[in-house]
Every structure is written in structure tokens, then in C-alpha cells.
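Visitor: input_30.tsv is reproduced in full below (TSV, C-alpha atoms).
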```
chain	number	residue	atom	x	y	z
M	27	MET	CA	209.62	136.64	223.34
M	28	THR	CA	208.58	137.53	219.80
M	29	GLY	CA	211.44	137.25	217.32
M	30	ARG	CA	213.66	135.28	219.68
M	31	ALA	CA	215.91	132.72	217.97
M	32	PHE	CA	215.79	129.07	219.04
M	33	ASP	CA	217.96	126.09	218.27
M	34	ALA	CA	214.90	123.89	217.78
M	35	ALA	CA	211.15	124.43	217.59
M	36	VAL	CA	208.71	121.55	218.12
M	37	ILE	CA	205.20	122.05	216.77
M	38	GLY	CA	202.59	120.20	218.80
M	39	ALA	CA	202.34	119.41	222.52
M	40	GLY	CA	200.88	115.94	222.31
M	41	ILE	CA	202.96	113.16	223.77
M	42	VAL	CA	205.21	112.75	220.69
M	43	GLY	CA	205.98	116.48	220.53
M	44	ALA	CA	206.57	116.69	224.28
M	45	ALA	CA	208.85	113.64	224.24
M	46	THR	CA	210.82	115.04	221.30
M	47	ALA	CA	211.36	118.42	222.96
M	48	ALA	CA	212.47	116.71	226.18
M	49	GLU	CA	214.84	114.37	224.29
M	50	LEU	CA	216.47	117.26	222.43
M	51	GLY	CA	216.89	119.11	225.71
M	52	ARG	CA	218.59	116.12	227.33
M	53	ARG	CA	220.98	115.62	224.42
M	54	HIS	CA	221.82	119.29	223.97
M	55	PRO	CA	221.73	121.06	227.35
M	56	GLY	CA	222.75	124.38	225.80
M	57	TRP	CA	220.01	124.45	223.19
M	58	ARG	CA	217.13	126.90	223.36
M	59	ILE	CA	214.01	124.86	222.66
M	60	LEU	CA	210.56	126.15	221.78
M	61	VAL	CA	207.29	124.19	221.86
M	62	LEU	CA	204.32	125.69	220.03
M	63	GLU	CA	200.83	124.35	220.71
M	64	LYS	CA	197.64	125.77	219.22
M	65	GLU	CA	195.44	124.59	222.10
M	66	SER	CA	195.33	126.13	225.58
M	67	ALA	CA	196.76	122.96	227.19
M	68	PRO	CA	198.73	119.88	226.13
M	69	ALA	CA	197.41	116.49	224.99
M	70	ARG	CA	193.99	117.76	223.90
M	71	HIS	CA	193.50	115.41	220.96
M	72	GLN	CA	194.87	111.91	220.22
M	73	THR	CA	197.04	111.75	223.37
M	74	GLY	CA	194.22	112.62	225.74
M	75	ARG	CA	191.45	110.69	223.96
M	76	ASN	CA	192.88	107.22	223.48
M	77	SER	CA	192.45	104.03	225.50
M	78	GLY	CA	195.45	104.72	227.74
M	79	VAL	CA	197.05	101.40	226.77
M	80	ILE	CA	200.75	100.55	226.92
M	81	HIS	CA	200.86	98.29	223.86
M	82	SER	CA	203.15	95.28	223.51
M	83	GLY	CA	203.69	95.27	219.73
M	84	VAL	CA	201.97	91.98	218.83
M	85	TYR	CA	200.29	93.06	215.61
M	86	TYR	CA	202.91	95.06	213.74
M	87	THR	CA	205.01	94.08	210.74
M	88	PRO	CA	208.32	92.61	211.98
M	89	GLY	CA	211.25	94.93	211.31
M	90	GLY	CA	209.09	98.02	210.86
M	91	LEU	CA	209.29	101.14	213.00
M	92	LYS	CA	206.03	100.33	214.77
M	93	ALA	CA	207.20	96.90	215.89
M	94	ARG	CA	210.65	98.03	216.98
M	95	LEU	CA	209.71	101.29	218.67
M	96	CYS	CA	206.61	99.88	220.36
M	97	ARG	CA	208.59	97.04	221.90
M	98	GLU	CA	211.19	99.49	223.18
M	99	GLY	CA	208.55	102.03	224.20
M	100	LEU	CA	206.68	99.58	226.38
M	101	GLU	CA	209.52	99.16	228.87
M	102	ARG	CA	210.58	102.80	228.63
M	103	SER	CA	207.03	103.93	229.38
M	104	TYR	CA	206.88	101.80	232.53
M	105	ALA	CA	210.30	103.08	233.60
M	106	TYR	CA	209.39	106.72	232.95
M	107	ALA	CA	206.15	106.31	234.89
M	108	ALA	CA	208.00	104.83	237.87
M	109	ALA	CA	210.62	107.59	237.83
M	110	HIS	CA	208.04	110.40	237.68
M	111	ASN	CA	205.27	108.98	239.88
M	112	ILE	CA	202.87	108.58	236.96
M	113	PRO	CA	200.13	105.98	237.48
M	114	ALA	CA	200.75	102.83	235.42
M	115	GLU	CA	199.81	99.16	235.82
M	116	ARG	CA	201.00	96.03	234.00
M	117	ARG	CA	197.59	94.33	233.63
M	118	GLY	CA	198.12	92.02	230.67
M	119	LYS	CA	195.90	91.61	227.62
M	120	LEU	CA	193.75	88.76	226.34
M	121	LEU	CA	193.00	88.35	222.63
M	122	VAL	CA	189.81	86.30	222.82
M	123	ALA	CA	188.69	83.94	220.06
M	124	THR	CA	184.91	83.39	220.03
M	125	ASP	CA	184.64	81.07	217.00
M	126	ALA	CA	186.75	78.58	215.07
M	127	ALA	CA	187.94	81.12	212.48
M	128	GLU	CA	189.19	83.47	215.19
M	129	ARG	CA	190.86	80.61	217.04
M	130	ALA	CA	192.74	79.73	213.85
M	131	ARG	CA	193.86	83.35	213.50
M	132	LEU	CA	195.41	83.15	216.97
M	133	ASP	CA	198.07	80.89	215.44
M	134	ALA	CA	199.20	83.70	213.12
M	135	LEU	CA	199.13	86.24	215.96
M	136	GLU	CA	201.17	83.94	218.19
M	137	ALA	CA	203.75	83.57	215.40
M	138	ARG	CA	203.80	87.32	214.78
M	139	ALA	CA	204.33	87.95	218.50
M	140	ALA	CA	207.30	85.57	218.50
M	141	GLU	CA	208.82	87.41	215.52
M	142	ASN	CA	208.42	90.69	217.40
M	143	GLU	CA	209.94	89.19	220.57
M	144	VAL	CA	206.71	89.62	222.54
M	145	SER	CA	206.10	87.00	225.23
M	146	THR	CA	202.68	85.29	225.03
M	147	GLU	CA	200.73	82.47	226.65
M	148	ARG	CA	198.16	80.39	224.75
M	149	LEU	CA	194.99	79.62	226.72
M	150	ASP	CA	192.22	77.13	226.01
M	151	ALA	CA	188.62	77.81	227.07
M	152	ALA	CA	189.26	76.57	230.61
M	153	GLY	CA	192.42	78.67	230.94
M	154	LEU	CA	190.52	81.72	229.72
M	155	ARG	CA	187.80	81.18	232.34
M	156	ALA	CA	190.45	80.74	235.03
M	157	HIS	CA	191.93	84.15	234.22
M	158	GLU	CA	188.65	85.95	233.50
M	159	PRO	CA	185.48	84.23	234.75
M	160	HIS	CA	183.19	86.76	233.05
M	161	VAL	CA	184.79	86.36	229.60
M	162	ALA	CA	183.57	83.67	227.20
M	163	GLY	CA	185.51	82.19	224.28
M	164	LEU	CA	187.09	79.12	222.76
M	165	GLY	CA	190.53	80.29	223.79
M	166	ALA	CA	192.80	83.31	224.00
M	167	LEU	CA	196.30	84.63	223.55
M	168	ARG	CA	197.56	86.26	226.73
M	169	ILE	CA	200.14	89.05	226.50
M	170	PRO	CA	201.36	89.71	230.06
M	171	ALA	CA	203.36	92.88	229.31
M	172	THR	CA	200.44	95.05	228.13
M	173	GLY	CA	199.41	97.73	230.59
M	174	ILE	CA	197.61	100.99	231.26
M	175	ILE	CA	198.90	104.49	232.01
M	176	ASP	CA	197.91	108.13	232.27
M	177	TYR	CA	199.35	109.55	229.03
M	178	VAL	CA	198.21	113.09	229.80
M	179	ALA	CA	200.21	113.04	233.05
M	180	MET	CA	203.19	111.65	231.13
M	181	THR	CA	202.93	114.46	228.58
M	182	ARG	CA	202.84	117.08	231.33
M	183	ALA	CA	205.91	115.52	232.97
M	184	LEU	CA	207.83	115.66	229.68
M	185	LEU	CA	206.91	119.32	229.17
M	186	ALA	CA	208.00	120.05	232.74
M	187	GLU	CA	211.41	118.64	231.79
M	188	VAL	CA	211.54	121.08	228.88
M	189	GLU	CA	210.71	124.04	231.09
M	190	THR	CA	213.23	122.94	233.73
M	191	ALA	CA	215.88	122.99	230.99
M	192	SER	CA	214.88	126.62	230.21
M	193	GLY	CA	212.77	125.67	227.21
M	194	VAL	CA	209.78	127.80	226.25
M	195	ILE	CA	206.25	126.45	225.81
M	196	GLN	CA	203.68	128.64	224.09
M	197	PHE	CA	200.02	127.67	224.15
M	198	GLY	CA	197.45	129.28	221.89
M	199	ALA	CA	200.18	129.50	219.26
M	200	ALA	CA	198.90	127.84	216.09
M	201	LEU	CA	201.49	127.78	213.33
M	202	ARG	CA	200.27	130.12	210.56
M	203	GLY	CA	203.43	130.51	208.52
M	204	LEU	CA	206.67	128.55	208.07
M	205	LEU	CA	209.36	129.86	205.74
M	206	ARG	CA	213.01	128.97	205.20
M	207	GLN	CA	215.29	132.04	205.01
M	208	SER	CA	219.08	132.18	205.27
M	209	ASP	CA	219.41	128.69	206.79
M	210	LEU	CA	216.79	129.49	209.44
M	211	TRP	CA	213.08	128.81	209.73
M	212	GLN	CA	210.73	131.75	210.28
M	213	LEU	CA	207.62	130.78	212.26
M	214	ALA	CA	204.51	132.95	212.37
M	215	THR	CA	201.89	132.41	215.11
M	216	PRO	CA	199.16	134.47	216.82
M	217	ARG	CA	201.59	134.79	219.75
M	218	GLY	CA	204.26	136.37	217.59
M	219	ARG	CA	207.09	135.43	215.24
M	220	PHE	CA	209.96	133.13	216.09
M	221	THR	CA	213.14	131.90	214.41
M	222	ALA	CA	214.56	128.39	214.70
M	223	ALA	CA	217.51	126.53	213.21
M	224	ARG	CA	215.53	123.26	213.28
M	225	VAL	CA	211.81	122.52	213.22
M	226	VAL	CA	210.05	119.29	214.17
M	227	LEU	CA	206.40	118.94	213.13
M	228	CYS	CA	204.38	116.71	215.48
M	229	GLY	CA	200.94	117.85	214.41
M	230	GLY	CA	198.95	114.61	214.64
M	231	LEU	CA	195.57	115.29	213.06
M	232	GLN	CA	197.05	118.30	211.23
M	233	SER	CA	200.31	116.66	210.12
M	234	ASP	CA	199.60	116.74	206.38
M	235	ARG	CA	198.63	120.42	206.49
M	236	LEU	CA	201.72	121.37	208.46
M	237	ALA	CA	203.88	119.51	205.95
M	238	ARG	CA	202.30	121.41	203.07
M	239	LEU	CA	202.77	124.66	204.99
M	240	ALA	CA	206.47	123.83	205.19
M	241	GLY	CA	206.63	123.21	201.44
M	242	LEU	CA	206.82	119.43	201.56
M	243	ALA	CA	205.08	118.33	198.37
M	244	SER	CA	202.85	115.38	199.12
M	245	ASP	CA	199.54	114.00	197.91
M	246	LEU	CA	199.08	112.08	201.15
M	247	ARG	CA	196.08	113.06	203.26
M	248	ILE	CA	195.08	112.60	206.89
M	249	LEU	CA	191.65	111.00	207.19
M	250	PRO	CA	190.20	111.21	210.71
M	251	PHE	CA	188.36	108.15	212.03
M	252	ARG	CA	186.23	108.77	215.10
M	253	GLY	CA	186.13	106.12	217.81
M	254	ASP	CA	183.23	106.18	220.26
M	255	TYR	CA	183.72	104.97	223.82
M	256	TYR	CA	181.30	103.87	226.54
M	257	THR	CA	181.98	103.31	230.24
M	258	LEU	CA	180.65	100.59	232.52
M	259	PRO	CA	178.89	101.41	235.82
M	260	PRO	CA	180.80	101.25	239.13
M	261	ASP	CA	179.32	97.84	240.00
M	262	LYS	CA	180.92	96.42	236.81
M	263	ALA	CA	184.29	98.15	237.28
M	264	ARG	CA	185.91	94.85	238.35
M	265	ILE	CA	184.26	92.60	235.78
M	266	VAL	CA	187.68	92.06	234.16
M	267	HIS	CA	191.27	92.54	235.27
M	268	HIS	CA	193.01	92.14	231.91
M	269	LEU	CA	192.45	94.24	228.83
M	270	ILE	CA	190.04	92.20	226.70
M	271	TYR	CA	190.35	92.44	222.91
M	272	PRO	CA	188.65	90.56	220.08
M	273	VAL	CA	190.84	88.77	217.55
M	274	PRO	CA	191.35	91.41	214.83
M	275	ASP	CA	190.46	90.93	211.20
M	276	PRO	CA	193.84	91.00	209.37
M	277	ALA	CA	192.20	92.74	206.39
M	278	LEU	CA	191.27	95.78	208.50
M	279	PRO	CA	193.51	98.43	210.13
M	280	PHE	CA	191.55	98.72	213.40
M	281	LEU	CA	191.52	96.37	216.38
M	282	GLY	CA	187.82	96.21	217.22
M	283	VAL	CA	185.77	97.07	220.29
M	284	HIS	CA	187.57	96.09	223.48
M	285	LEU	CA	187.17	96.30	227.26
M	286	THR	CA	189.88	98.42	228.82
M	287	PRO	CA	190.40	98.99	232.55
M	288	MET	CA	191.50	102.62	232.88
M	289	ILE	CA	194.05	103.96	235.32
M	290	ASP	CA	191.30	105.93	237.13
M	291	GLY	CA	189.38	102.73	237.97
M	292	ARG	CA	186.74	102.83	235.24
M	293	ILE	CA	186.35	100.36	232.39
M	294	THR	CA	185.79	101.70	228.88
M	295	VAL	CA	184.17	99.87	225.98
M	296	GLY	CA	185.39	100.82	222.51
M	297	PRO	CA	186.36	102.17	220.13
M	298	ASN	CA	184.70	101.67	216.76
M	299	ALA	CA	186.04	103.47	213.66
M	300	VAL	CA	183.85	105.84	211.62
M	301	LEU	CA	184.95	108.57	209.24
M	302	SER	CA	184.73	111.97	210.94
M	303	LEU	CA	183.92	115.17	209.04
M	304	ALA	CA	185.76	117.22	211.68
M	305	ARG	CA	189.38	116.38	212.45
M	306	GLU	CA	189.11	117.82	215.94
M	307	GLY	CA	185.36	117.46	216.49
M	308	TYR	CA	184.14	114.60	218.67
M	309	GLY	CA	180.36	114.62	218.47
M	310	LYS	CA	178.47	112.28	216.16
M	311	LEU	CA	177.26	115.29	214.15
M	312	SER	CA	180.49	117.32	214.31
M	313	LEU	CA	181.20	119.05	211.01
M	314	ASN	CA	184.07	121.27	209.97
M	315	PRO	CA	183.48	122.53	206.41
M	316	ARG	CA	187.17	122.59	205.48
M	317	ASP	CA	187.78	119.12	206.90
M	318	ALA	CA	184.68	117.72	205.21
M	319	VAL	CA	185.54	119.15	201.79
M	320	GLU	CA	189.13	117.90	201.98
M	321	ALA	CA	188.11	114.40	203.06
M	322	LEU	CA	185.14	113.93	200.71
M	323	GLY	CA	187.04	115.39	197.78
M	324	TYR	CA	190.04	113.10	198.24
M	325	PRO	CA	190.06	110.08	195.87
M	326	GLY	CA	191.88	107.98	198.43
M	327	LEU	CA	188.89	108.11	200.79
M	328	TRP	CA	186.48	106.57	198.30
M	329	ARG	CA	189.01	103.95	197.23
M	330	THR	CA	189.58	103.02	200.87
M	331	LEU	CA	185.85	102.74	201.58
M	332	ALA	CA	185.29	100.71	198.40
M	333	ARG	CA	187.82	98.12	199.55
M	334	HIS	CA	185.96	97.40	202.80
M	335	PRO	CA	182.22	97.92	202.15
M	336	ARG	CA	181.00	95.40	204.75
M	337	ALA	CA	183.32	96.76	207.44
M	338	VAL	CA	182.29	100.34	206.63
M	339	ALA	CA	178.61	99.43	206.98
M	340	ALA	CA	179.23	97.55	210.23
M	341	GLU	CA	181.18	100.41	211.79
M	342	LEU	CA	178.57	102.93	210.76
M	343	PHE	CA	175.83	100.75	212.23
M	344	SER	CA	177.75	100.50	215.52
M	345	ALA	CA	177.96	104.30	215.66
M	346	LEU	CA	174.21	104.64	215.16
M	347	SER	CA	173.03	101.78	217.37
M	348	ARG	CA	174.00	101.20	220.98
M	349	ARG	CA	172.48	97.70	220.72
M	350	ARG	CA	174.85	96.87	217.88
M	351	TYR	CA	177.75	98.12	220.00
M	352	LEU	CA	176.55	95.92	222.87
M	353	ARG	CA	176.42	92.84	220.63
M	354	LEU	CA	180.03	93.38	219.63
M	355	VAL	CA	181.21	93.26	223.24
M	356	GLN	CA	178.73	90.53	224.29
M	357	LYS	CA	180.54	88.15	221.92
M	358	TYR	CA	183.21	87.79	224.61
M	359	CYS	CA	181.53	89.33	227.69
M	360	PRO	CA	177.93	88.10	227.57
M	361	GLY	CA	176.99	89.35	231.03
M	362	LEU	CA	176.86	92.99	229.98
M	363	THR	CA	173.52	94.66	229.23
M	364	LEU	CA	172.39	97.76	227.40
M	365	ALA	CA	171.97	99.59	230.71
M	366	ASP	CA	175.68	99.03	231.42
M	367	LEU	CA	176.80	101.27	228.51
M	368	THR	CA	177.09	104.95	229.40
M	369	ARG	CA	178.41	107.24	226.71
M	370	HIS	CA	181.97	108.39	227.34
M	371	HIS	CA	184.19	110.56	225.16
M	372	ALA	CA	185.19	109.97	221.56
M	373	GLY	CA	188.61	110.22	219.97
M	374	ASN	CA	189.79	110.75	216.40
M	375	ARG	CA	192.60	108.67	214.93
M	376	ALA	CA	194.77	110.45	212.36
M	377	GLN	CA	195.22	107.96	209.53
M	378	LEU	CA	197.54	108.92	206.69
M	379	THR	CA	196.16	107.71	203.35
M	380	ARG	CA	197.45	107.54	199.79
M	381	ARG	CA	195.51	108.56	196.69
M	382	ASP	CA	195.17	104.94	195.66
M	383	GLY	CA	193.26	104.23	198.87
M	384	THR	CA	195.97	102.35	200.74
M	385	LEU	CA	196.47	103.29	204.36
M	386	VAL	CA	200.00	104.14	205.50
M	387	ASP	CA	200.57	101.44	208.08
M	388	ASP	CA	203.93	102.27	209.64
M	389	PHE	CA	205.16	105.45	211.25
M	390	MET	CA	206.31	107.89	208.55
M	391	ILE	CA	208.87	110.68	208.97
M	392	LEU	CA	210.05	113.10	206.27
M	393	GLN	CA	213.06	115.42	206.38
M	394	ARG	CA	214.58	118.32	204.47
M	395	ASP	CA	216.64	121.46	205.19
M	396	GLY	CA	216.51	121.32	208.97
M	397	LEU	CA	212.84	120.27	208.98
M	398	THR	CA	211.59	116.96	210.37
M	399	ALA	CA	207.92	116.12	209.78
M	400	VAL	CA	206.15	113.29	211.60
M	401	MET	CA	203.58	112.46	208.93
M	402	ASN	CA	202.01	109.32	210.34
M	403	ALA	CA	201.98	108.39	214.02
M	404	PRO	CA	198.77	106.55	214.92
M	405	SER	CA	198.59	103.92	217.67
M	406	PRO	CA	200.93	102.76	219.16
M	407	ALA	CA	202.54	106.22	218.97
M	408	ALA	CA	201.78	107.03	222.63
M	409	THR	CA	203.46	103.80	223.80
M	410	SER	CA	206.33	104.48	221.40
M	411	ALA	CA	206.69	108.20	222.16
M	412	LEU	CA	210.04	108.02	223.97
M	413	PRO	CA	211.82	105.90	221.32
M	414	ILE	CA	210.14	107.91	218.54
M	415	ALA	CA	211.69	111.00	220.13
M	416	ALA	CA	215.10	109.31	220.24
M	417	HIS	CA	214.71	108.26	216.59
M	418	LEU	CA	213.85	111.83	215.57
M	419	ALA	CA	216.77	113.21	217.59
M	420	ASP	CA	219.13	110.76	215.87
M	421	GLN	CA	217.96	112.01	212.49
M	422	ILE	CA	218.24	115.64	213.53
M	423	ASP	CA	221.74	115.09	214.91
```
I'd like the structure from this file rewritten - as C-alpha cells, please.
Guide:
Amino acid sequence: MTGRAFDAAVIGAGIVGAATAAELGRRHPGWRILVLEKESAPARHQTGRNSGVIHSGVYYTPGGLKARLCREGLERSYAYAAAHNIPAERRGKLLVATDAAERARLDALEARAAENEVSTERLDAAGLRAHEPHVAGLGALRIPATGIIDYVAMTRALLAEVETASGVIQFGAALRGLLRQSDLWQLATPRGRFTAARVVLCGGLQSDRLARLAGLASDLRILPFRGDYYTLPPDKARIVHHLIYPVPDPALPFLGVHLTPMIDGRITVGPNAVLSLAREGYGKLSLNPRDAVEALGYPGLWRTLARHPRAVAAELFSALSRRRYLRLVQKYCPGLTLADLTRHHAGNRAQLTRRDGTLVDDFMILQRDGLTAVMNAPSPAATSALPIAAHLADQID
């Protein structure tokens, strides 16, 4: 296998990388496609540690890639799940307003949804109780199309497509070197050296480092934000049917702690958003020296934190105090108690940040000399994975 030449190499076997490899294989049946993944299995990081939500695209800036690709990805995700026997359910989501200020913000969200061609239903307090008797609020915005899915199973199905088309998937193959020579890319990994005419970087939490390895000059930096999750006990597994979200603060990039029915029957509570000092470490005390030095030494981090001091303090408090976490969810689901929260896994969101402290909001893709780098693909990237793959393939073609 070492030294073999490929038409395209995809770096990263999360859902975006898997979808891209499968899309290239469908478009170009004769191509030899290689997928390199540093872990021993696919979907080990953002794909396998998110809320498992099929998003509708309510929040995103109209006309941007997020809005367009999420809207398309929603229906394509349901269709792919049905075609490949992947568990998925169209549950619907409720954005619940618990005070007058949040109820006023529902107006803007309803207008944004209309701009993004997302169907919604406005509920008053009585309508909210009729849909969800255990949820309290002054009103809600209901988004019927939102759903849940097993994204790990979807990733495995996409990689199976690649293998069926005679593609090669190498696990334990971290990219150590990437060099352009004679119109080809030379790839060095612990599993050997490979050559490819085209390279697609889908590195998620490592996307900025892979871009620098490829010679893409950029002062952008991935900052990892850890989100902690809890699960409810079996006797509370039917406390809600919809996905229950707070009304987000438009000044902040995260959506707040929500109740999410999972495809395996559990309900998760979370996530919060706290800076992590280990890009791929998920414990509260996880520390990777290289990650910590890069994050703490980056001016954009401190400028970001300085813009949102109250939110930073609140998120940190929620990470340290289970009671604080409970109060966040009791705002709209008052029947839950401290005993109902059992610690679940955590996940890290890869957030691309500029030196001036602004967060890159939309998906970002860079290209040069047969190289395509997915620089920023946070949520809703899993929902949007199939149209992101088509978008990348269009650019490559």
C-alpha cells in the first residue's frame, strides 16, 4: 500500500470527511480514493460527541453557507437514513421563552426562520403546555422538521460506500507530512507514504494545524470549547417528546443548555461551553501542553473572552457546579431535580477564531494547488455533511 498513487486523499474520517470521500467516489467511479484517519475508528471526536440533532437552520445568517447547506442537509440526512436503515426520527424542536425579553426575541427568530425558508409554529403558554406538559414558559417557537439521528452509524455507512467503490481507508494514519511535488501531493503517515493528485483536509479540531502543514499561511486558530452533558434517569426518559431549547442570546455563539431525546432512548441535558486546554481531551481537568500553550498564547482568545465576561463566568460556573447546571434547565423544565442529572460524556467544539477575537461564524473552505481545506465546520456541520461534500466536490471538479 505504501507509495501507492491516489486520485484523491481525504484526511479525517468524521462525518464530513466520510461524506466527501463517498461523494467523490460517486461522481468519479474510476478514481482511487484514500481516507486517512489518525484514530483507530471513525467519528471519534465532534461527530461522535455531539447532540445527535438534525438541525433545521433557524439561527443562521440568510444566504450564508450554514443556512443554505443546513436546510438542504436536513432533508438529505433523513433520506440517507431511510435508504441505509440508520435510526432517525423527526421529533420537532421547541424554542422556549421563559421571560418577556426572551419572548420578544422569538419575533426575530421567527423572522429569521422565514428568511431561511424554515417552517415554524408560534405557541402561546397554553399551546406550549399542550405539546409538552412538563415544560414551562410564556410561549415557544416550534420547528417541526428538527430531528435526531445516529451520526456515527451514518459515518460508518458513508465509509462503507467508499470501500465498496474500492477506496482505501487507513486508520492509525495521522498525517505527519504534506508536500507538493511535480503536481502531486506527497503524504507521510505512520502507516507509510502515499501520493495523491488532490487532497481534502477535514481535520475538525486539527484543521488549522493541517492547513499550516500544507503551507496555507493563516493566523486563524482553532479554539476548543468543551460541552458537558448529563443524562436523565430511565423514569424521566419520556418527560419530553420534542427537543427543548432555550431562546439563545444573539450576542453569543452557543445555543445554551437544552434537553435532547437521543436516538437510543435516553435524554441528554447540555451542553455548556467552556474553553478546553486539550483539543481532544474530554475530562474537566484534561490538559495537553501543546494545546494549552497555543490557546493561551493566542491574542484572539483573550479578546474573545474580554468581549463576553459575564457569559464566560456563567459558563465556567456551570462547569463547576451541577446545581448551576440544574437551574439552567429548570428555567423551562422545573420538575427536574439534582438527582436526575447523571454525568454523561463531553464533546469539544472546534471554533475557528481570528486574532482580533471575532469568531468565524460560517463554514470556511480554502483552496490552492489541488488542496481543499475545510477550516471551519462547527454545528450544523453534521446535519450539513452531505451538501458540504457536494460543495467541496463542485470546487474540486
Visitor: Out of M:His268, M:Arg238, M:Arg117, M:Arg224, which residue has the shortest atom-to-atom distance to M:Arg58 when counting all atoms listed in the file?
Guide: M:Arg224
Visitor: Between atom CA of M:Pro287 and atom CA of M:Leu269, what is the distance in Å, rounded to a tenth?
Guide: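 Separating atom CA of M:Pro287 from atom CA of M:Leu269 is a distance of 6.4 Å.
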Visitor: Find, counting only C-alpha atoms, the residue in M:Asn374, M:Gln232, M:Gln421, M:Ser347 that gets nearest to M:Arg75.
Guide: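 Looking at the shortest contact to M:Arg75, the residue is M:Asn374.
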Visitor: What does the distance between atom CA of M:Leu378 and atom CA of M:Gln207 come to in Å, to one decimal place?
Guide: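 Atom CA of M:Gln207 lies 29.2 Å from atom CA of M:Leu378.
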Visitor: Which residues of stretch 163-255 of chain M come within 9 Å of stretch 138-147 of chain M, and what is each one's closest atom pair and distance in Å (one decimal), counting all atoms listed in the file, sorted by chain and residue number, as JSON lines?
Guide:
```
{"residue": "M:Ala166", "atom": "CA", "partner": "M:Glu147", "partner_atom": "CA", "distance": 8.4}
{"residue": "M:Leu167", "atom": "CA", "partner": "M:Glu147", "partner_atom": "CA", "distance": 5.8}
{"residue": "M:Arg168", "atom": "CA", "partner": "M:Glu147", "partner_atom": "CA", "distance": 4.9}
{"residue": "M:Ile169", "atom": "CA", "partner": "M:Thr146", "partner_atom": "CA", "distance": 4.8}
{"residue": "M:Pro170", "atom": "CA", "partner": "M:Thr146", "partner_atom": "CA", "distance": 6.8}
{"residue": "M:Ala171", "atom": "CA", "partner": "M:Ser145", "partner_atom": "CA", "distance": 7.7}
```
Visitor: I need the residue nearest M:Glu189 from this list: M:Arg264, M:His334, M:Arg394, M:Arg52. Use all atoms listed in the file for the distance.
Guide: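 Between M:Arg264, M:His334, M:Arg394, M:Arg52, the residue approaching M:Glu189 most closely is M:Arg52.
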Visitor: Nearest to M:Met401: which of M:Asp234, M:Asp275, M:Asp125, M:Asp209 is it, counting all atoms listed in the file?
Guide: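 Among the listed residues, the smallest separation from M:Met401 belongs to M:Asp234.
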Visitor: Counting all atoms listed in the file, figure out which residue out of M:Leu239, M:Leu204, M:Ile248, M:Ala107 gets nearest to M:Ala222.
Guide: M:Leu204
Visitor: Separation of atom CA of M:Arg329 and atom CA of M:Gly230, in Å?
Guide: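 One can read the atom CA of M:Arg329 to atom CA of M:Gly230 distance as 22.7 Å.
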Visitor: Please build the interface table for stretch 221-290 of chain M against stretch 319-323 of chain M with a cut-off of 10 Å, listing for each qualifying residue the nearest atom pair and the distance in Å to one decimal; count all atoms listed in the file, order rows by chain and increasing number, and write it as JSON lines.
Guide:
```
{"residue": "M:Arg247", "atom": "CA", "partner": "M:Ala321", "partner_atom": "CA", "distance": 8.1}
{"residue": "M:Ile248", "atom": "CA", "partner": "M:Ala321", "partner_atom": "CA", "distance": 8.2}
{"residue": "M:Leu249", "atom": "CA", "partner": "M:Ala321", "partner_atom": "CA", "distance": 6.4}
{"residue": "M:Pro250", "atom": "CA", "partner": "M:Ala321", "partner_atom": "CA", "distance": 8.5}
```
